Each structure stands twice: as structure tokens, then as C-alpha cells.
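Notes follow once the structure below has been shown.
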Amino acid sequence: MTDSGEGPAPGPVGDLFGGPEIGPAPEGGWGEGAAVAVLVPIPVDRTLDYLAPVGGCAPGDWLEVEIGPRVMLGVCWGPGTGDFDRAKLRPALRRLDLPPVSAEMRAFLERAADYTLTDFGMMARLASRAPGLREAPGARRALRRGGEPPARLTPAREKVLELVEAEPDRLWLPTELAREAGVSAAVIKGLETAGALESLEVPRDRPYAPLDPAAPRRALSEAQEEGARAMRAKVAAAAREGRFSATLLHGVTGSGKTEVYLEAAAECLAQGRQALVLLPEIALTSAFLARFRERFGAPPAEWHSAASEIERRRCWRAAASGEAQVVVGARSALFLPFADLGLIVVDEEHDGAYKQEEGVLYHARDMAVLRGSLGRAAVVLASATPSLETWVNAQAGRYDRVDLPERFGPAVLPEIKALDLRDCAPETGRWISDPLAQAVAERLQRKEQALLFLNRRGYAPLTMCRACGDPVMCPHCDAWLVEHRRRGRMVCHQCGHEAPIPSACPSCKREDKLALIGPGVERLAEEAQERFPDARIAILSSDMAESAAVVKARVEAIAAGEADLVIGTQLVAKGHNFPLLTLVGVIDADLGLRGGDLRAGERTFQLMRQVAGRAGRADRPGEALLQTYAPDHPAIDALLTGDEESFLQSEADARREAGAPPFGRYAAAIVSGPHEDRVWRTAEALARAQDLLAPARAELLGPAPAPIYRVRGRFRVRLLVKAPRGPALQPALRAWRAAVRPEPQVMVRIDIDPQSFF
DNA sequence: AGCACGCCGACT
DNA sequence: GTCGGCGTGCTC
């Protein structure tokens, strides 16, 4: 590696396109023409060698490189590997005027790729997912309404002009305008040439308003104050001594977790470092942002998929430069290249939305801990109902723990009671028991709001033929088709397939023999309307509304009192408060407990707690009634007694006894293809070859060829592998996969199950 | 991820 | 006889 000793070429050197002047590469870099390893944003599991660009480059520098026919953003990773013919190396086009990726960030990306078994290159893609990074920061082409109406008007052109006319002052990015108008870039270009759109350079990104950590703040309770002190100490230790910490911040709804971790953020600002707050759902952010503003006097930088291109680019750059003091974002914000990240908060850490299940698979909560540990930051995992793994980690002393015991202010936790359906089962075809109906009637009479919770969309989950006994199935997968009466469609909840509601059995063709089994929210609303004819009833479920904004408006109207009785699915469990609500009735508390899911108990506990917590705000004591056939089930029992600690302990014990200990992680080999027999043979071969996993002390879980199932016409087998952490895991899994040459048309893909990191 | 190359079914 | 499906392989 004779090149590595060379210093950077003397600069500054202007770039090829008349962009900003680029200074010399920092110390430790390589001069122009030296071979350097570059992490490119494509799914290869290694770096590719390039020749350093004009002006040289150093580790962490963002480089524009050609890859095949395309130009992409890569990151200089180190000296060239030399394993590719030097004569064939292509030169990197230029070094970009962006802050270099820090050594901590690079270490994080390496470890994260290793941990999630993701091709290394894809980490570059995750870290550079912002529009316009290749353009100079100060200049960007934008469009606005021009003087000339175009000579020729086409429907596509009209759509564009309509948008532009609607907001005459708005500046549009060409791509943004094309996307929102639903037209191609050619249409935009045409209008520009015709003079109907005017092109101009937009000024550099607007700076973020500075946050004031010392802004006057709300008084905290004693418990909150104590929690805040503990959090501040963690952040200070991370800043001063480089000491990593992970802390479970545990407190019931209303105990003020947000106030406490905002104090941690304030300390982080005072230390001059950046803070990141991860939230599971964008829908929640408006309430959060209001609180944030109140605490710091200005809004944070925001990162999520709903943000505009300009917003995201601005946020990315500000995170990289260090200008953004606090970023609030969805899980992917974790891959922003912060200049100096001192605190990561994962709010509602138990939330499933942190699990990225498409493309690069990861669990943002776990990656937050990883990033914090490599970047000497404090990590705070906040939850009212911690996930089992976080709780176990806290018990084991790997995470610290801060508890906020009481609900702050006058708010009172609702009383949770069971309605044992063995004693009070409603008649066939009805699902509201008499005691529950009575409780609802009382609220209605007192002009209070009640909620009936049923986590099932549609009218009935199952349509079955009384003649032949066959259920109406989705033609593409193994799931039942669910009748949605209001829409007049049968819908598959697994793949989204839709069909009209049949009058004859699809199987035996007999007319009028189809029976609807079980309730969905639509059917429950029907029963409720029959029982309470005068009540204003509203259904809240995710398929009722077209867009997130419509759902939000609807929830707000209902929360404000537009309905007396709310029938809702999971949608009501999250985020929004219902200040008028004093009763929650859970129609089927056992719903999530059926089936063999390892996390059934844990999830049921979390969901029921959340739903119950919707009842009784401020001065009103609320009540939650759980209809159940299994009041003695540990999860239900824990809800009744409130003894979360014993419950989590028993879940952890049960997991261990079941041979699925929490102290390992799972990889899932997904074998799939269009031919059942081939998929089967491949799965069997993989199962037989499990001794290849020995180097990682990994073992196959469950009976060797696992159940085969069909998804979108392809057969799949999922083999679960348990493996302790360690450097041997990844090579062993790769060897395992490589050793079995799949049958033609059969794919073997090995993923980490992102939920099961302990 | 894109994109090109390459080998088997329904059509001008 | 071709057009076009997507399986396979490559990108320094």
C-alpha cells in the first residue's frame, strides 16, 4: 500500500462543475490517483476500490463515484484493498463538500451491517438517504409560476399549473412538483421552456432556530425531578468521560417521561452535543412538538418520510454539520451522520414500529444501543410497558433503570377489572355481555364517553359455507377473506387482495349457504347501535379513512365529543388522548393470546394497558372492563393486579424453559419458490446441514422441515436458528447458506429476526 | 439496487 | 419466425 503514505494533493481545487472550492484532504488522507476503498450504496458486502479524486480524500469523505452506468454517493473507507486489478480502477469523480462521516459513525455502520447480516454497501445507502446531497449546499434549482400561460394545454400541464396557481408564492423543486402533480419530469421541463414556470436558484437551507436549554420550564414533580437528575448525570458522564450508558426510563402513562427525557436533552445541549429523539409514529408528533417547543422555545429538526425533500435535506445537512441540536425522527433517523451525538432517546421503546421489516432489516431500538455504545453517548429507552428484552437487560444490570412511579398531576390510573365470560357470555351472535352493556348505558346516561375495543377490522373475520364447511380463502395466501360490509368487499388482511362479496360458496357453488362467523368492528357497531339506539356511534379503524390527515381529523373530532360511543381497533390505543372517555370495554381480551406467538402475552399486556389508559383523564377516575375467558392467564392477571414486574419475570422464565431463551438471537432462513417440492427439499437439506452452524454454537429451532405456507403464490419455509452473539455467527450462517446449492428457482435468504435481539 | 444478458412461451 | 417474461450475475 505505497499510496497510503502520500499526503493529500495541494488544494484548493475547484470542482469540475463550477461548484464550491474544495479544500485539501485532511491529514491521513490519500492523494489524487491513490487506490482507496469506497463504501458504495449497492448490495455488495465489501468496499470497492477507486482512485482518489482530484484533491485527494481521507477516511469518511463523501465521494461521487461511477458505478456501472450510474453516478452515486460513496464514502471513503480506507486504503484500497488491492484485490482488484489496479489498471481497471475508475477514478472517483470528486470529493463532495459535505462533513466527513465520523469514525464512530463508520464503526457503527460496520457493526450494524455485521449484526443485521446486511450487505455492507447498503449501510452507505441508509446513511445517505437524503435528496440533493450531491448538489452544492447553497444552490438548488427551484420553480415557481412564470409569466406566460403555455400555448398548448394538455391535461398533465393543467394539473401542474393548478398546483402552482394554488400556492403562488411557493417554490417547488422540479421533482417535487412532478411527483405531486403526478406527471413526468418531461411535462415540467416543457412548461419551463414555454415560460409557464420560472426557474431560479433557491437560497441555502434555512438555519434552525437555536434551542435554549435554560428556557423557563414547567415545574416538575419530585419524582420527575429525581429522574431528570439521574438522566442529566448520564448525559454529562457521556460527554465528559465518554461513558456510554443505556437506561430504561419506566413510567406509567401520564407520569411525565417526556418531561424527564427532555431534561436529558437539555443537558446534552448544555454539553454542546447533539440529541436524537426517536418516536414510533409520525402521527404522534404534533403533541410532542408542542411540548418540545414549550421546553426549548423553538422546534427541533424533524426527520421522517412525510417531510418534504427540502426538509429532509436540510435536516441531514444540519445533523452532519452539527447545527441541528436536536433531531426528532422516525427509526431511520438513527442513520443520520451526526457530527457529535451525545444522547439517543427511544420513546415507546416497546413499539413494533421500530422494527424495519423491508429492505435492510433492523430494530431501531437495538441499533440505538449499538450506536450509543460506539459513539460514547447516553441511550434512554422510555416506555410505560417495556419490552421483555429491555426489561431483562435492565434486570441483568446491562441497562440502568429509572422509574417514575406515580401519575403526575390529578390524573388517575383507570381501574382494570375482568368480566369472566364463563359467567356472563352473551347469546350467540352477540358480543357485548350484560355487565358491559350496563356499564356503557351508565356512561351514556351521564353524558360521558365510552369505548368498545376490538382489534379486528371489517364485519366478520370468517365467512364459512354451511353446506360444505369450507372457509372463504384468499386465492393468493393462506388467510381468510374478511368481509368489509361498508365497502362491499372481501379483503385479505395479509396481502391486500380484494374481491366482491360472494353470494354463493366459492368452493361448492351452493347459494345462500355462507355464514358469517365472529365479530369485527363493523358488526360490533351494529350490535351497539341496536342496544343503544340513541347513542352517536363512531367506528375508528385504519381502513375507514383514506389518508393519515383524515384519520387524525376524525380522531380529534371524536375525542372532542362528536361521538358518545367509540368502536375502535388498535388505532385508538396510540397517541391521541380522549379527555371525555371514562369507560373502556375490551370485547375480546384473549384475542392476541391465541396462537403460538412467543410474544402473545407481552403484547397483550402492552396493548391492554395502553387501551385501558385511554380512560379517565384529569379528575375523572376511569374504568376498564376486559371480557375474557381466561382471567387467570398471566397477562390478564397482571393487568388486574398491576404487578408488571412479576409478569415480565414469569415471561422471561417461560421463554427460557421453552428452549427459546432471551439470551441469544435468531436468524431466520427463508426458503421460497414457486414449487412446493423444491422448496421442501432445500429446506430439508438446510436442516440436515445444521452442523455447519457449529462454529457459532448455533442450533436450528423446532422440527427440521418447518410448516410450509404460501405467500403470493410462492411457497415458503421459515427456519429459525438460535445463535449466541459473537464474531463466528455471520460466517457460519453464510457457510450454511452457501453449502446448500438451492434447487432451481428456489431462494434462500437468511435474515436476522430484528425483534429478537437480547 | 439497477441493469444487461440469456433462455423458453404467446403473438404480429 | 420474433417480443418479452424474469432468473442470474455484475458493478471497482
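Every chain in the C-alpha cells has a letter given in the order shown (A, B, ...), and although residue numbers restart at 1 in each chain, ligands are simply numbered from 1 in the order shown.
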Original post:
Quick one: which residues from chain A are at most 12 Å off chain C, using only C-alpha atoms (C1' of nucleotides), as a ChimeraX atom specification?
Top reply: /A:35-44,46-51,65-72,80-92,121,673,744-747
So which residues touch segment 600-608 of chain A within 10 Å, counting only C-alpha atoms (C1' of nucleotides), skipping near sequence neighbours fewer than 5 positions away, as a PDB file with C-alpha atoms, in the first residue's frame?
ATOM      1  CA  HIS A 350     -41.571  -1.478  23.072  1.00  0.00           C
ATOM      2  CA  ASP A 351     -43.350  -0.276  19.943  1.00  0.00           C
ATOM      3  CA  GLY A 352     -43.257  -2.624  16.984  1.00  0.00           C
ATOM      4  CA  ALA A 384     -44.806   2.627  30.162  1.00  0.00           C
ATOM      5  CA  THR A 385     -44.739  -1.047  29.253  1.00  0.00           C
ATOM      6  CA  PRO A 386     -41.159  -2.041  28.491  1.00  0.00           C
ATOM      7  CA  SER A 387     -40.445  -4.838  26.083  1.00  0.00           C
ATOM      8  CA  LEU A 388     -39.355  -8.077  27.656  1.00  0.00           C
ATOM      9  CA  ILE A 416     -58.983  -2.586  35.382  1.00  0.00           C
ATOM     10  CA  PHE A 453     -62.198  -2.015  21.838  1.00  0.00           C
ATOM     11  CA  ASN A 455     -58.801  -5.362  17.436  1.00  0.00           C
ATOM     12  CA  GLN A 570     -55.682  -0.673  17.668  1.00  0.00           C
ATOM     13  CA  ALA A 573     -54.566   2.697  21.530  1.00  0.00           C
ATOM     14  CA  LYS A 574     -51.871   5.010  20.272  1.00  0.00           C
ATOM     15  CA  VAL A 584     -63.085   1.211  28.046  1.00  0.00           C
ATOM     16  CA  VAL A 586     -62.441  -4.738  25.718  1.00  0.00           C
ATOM     17  CA  ALA A 589     -59.057  -9.545  25.761  1.00  0.00           C
ATOM     18  CA  ASP A 590     -57.930 -13.076  24.812  1.00  0.00           C
ATOM     19  CA  LEU A 591     -57.722 -12.301  21.106  1.00  0.00           C
ATOM     20  CA  GLY A 592     -53.971 -11.846  20.970  1.00  0.00           C
ATOM     21  CA  LEU A 593     -53.306 -14.750  23.308  1.00  0.00           C
ATOM     22  CA  ARG A 594     -54.456 -17.444  20.902  1.00  0.00           C
ATOM     23  CA  GLY A 595     -51.964 -18.936  18.526  1.00  0.00           C
ATOM     24  CA  GLY A 613     -55.051   4.085  29.817  1.00  0.00           C
ATOM     25  CA  ALA A 624     -61.579  -0.629  32.005  1.00  0.00           C
ATOM     26  CA  LEU A 626     -61.872  -6.806  29.995  1.00  0.00           C
ATOM     27  CA  HIS A 633     -53.821 -16.108  32.177  1.00  0.00           C
ATOM     28  CA  PRO A 634     -50.611 -14.446  33.404  1.00  0.00           C
ATOM     29  CA  ALA A 635     -51.019 -11.452  31.083  1.00  0.00           C
ATOM     30  CA  ILE A 636     -54.637 -10.809  32.089  1.00  0.00           C
ATOM     31  CA  ASP A 637     -53.867 -11.448  35.737  1.00  0.00           C
ATOM     32  CA  ALA A 638     -51.009  -8.956  35.608  1.00  0.00           C
ATOM     33  CA  LEU A 639     -53.348  -6.343  34.186  1.00  0.00           C
ATOM     34  CA  GLU A 644     -45.948  -5.924  35.864  1.00  0.00           C
ATOM     35  CA  PHE A 647     -45.358 -10.856  34.929  1.00  0.00           C
ATOM     36  CA  LEU A 648     -42.225  -9.930  32.998  1.00  0.00           C
ATOM     37  CA  GLU A 651     -42.472 -14.405  30.798  1.00  0.00           C
TER      38      GLU A 651
END
**OP:** Select residues of chain B: the criterion is any atom within 9 Å of an atom of chain A, counting only C-alpha atoms (C1' of nucleotides); output as a PyMOL selection string.
**Re:** chain B and resi 1-3
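Computed from the coordinates, the atom CA of Ser541 of chain A to atom CA of Gly458 of chain A distance equals 8.9 Å.
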**OP:** Please report, as a PyMOL selection string, each residue of segment 399-459 of chain A to which DSSP assigns strand (DSSP E) when run on this structure's backbone.
**Re:** chain A and resi 400-404+415-420+449-453
Subject >> Atomic distance atom CA of Val326 of chain A - atom CA of Ser383 of chain A, expressed in Å with one decimal >> reply: 20.2 Å
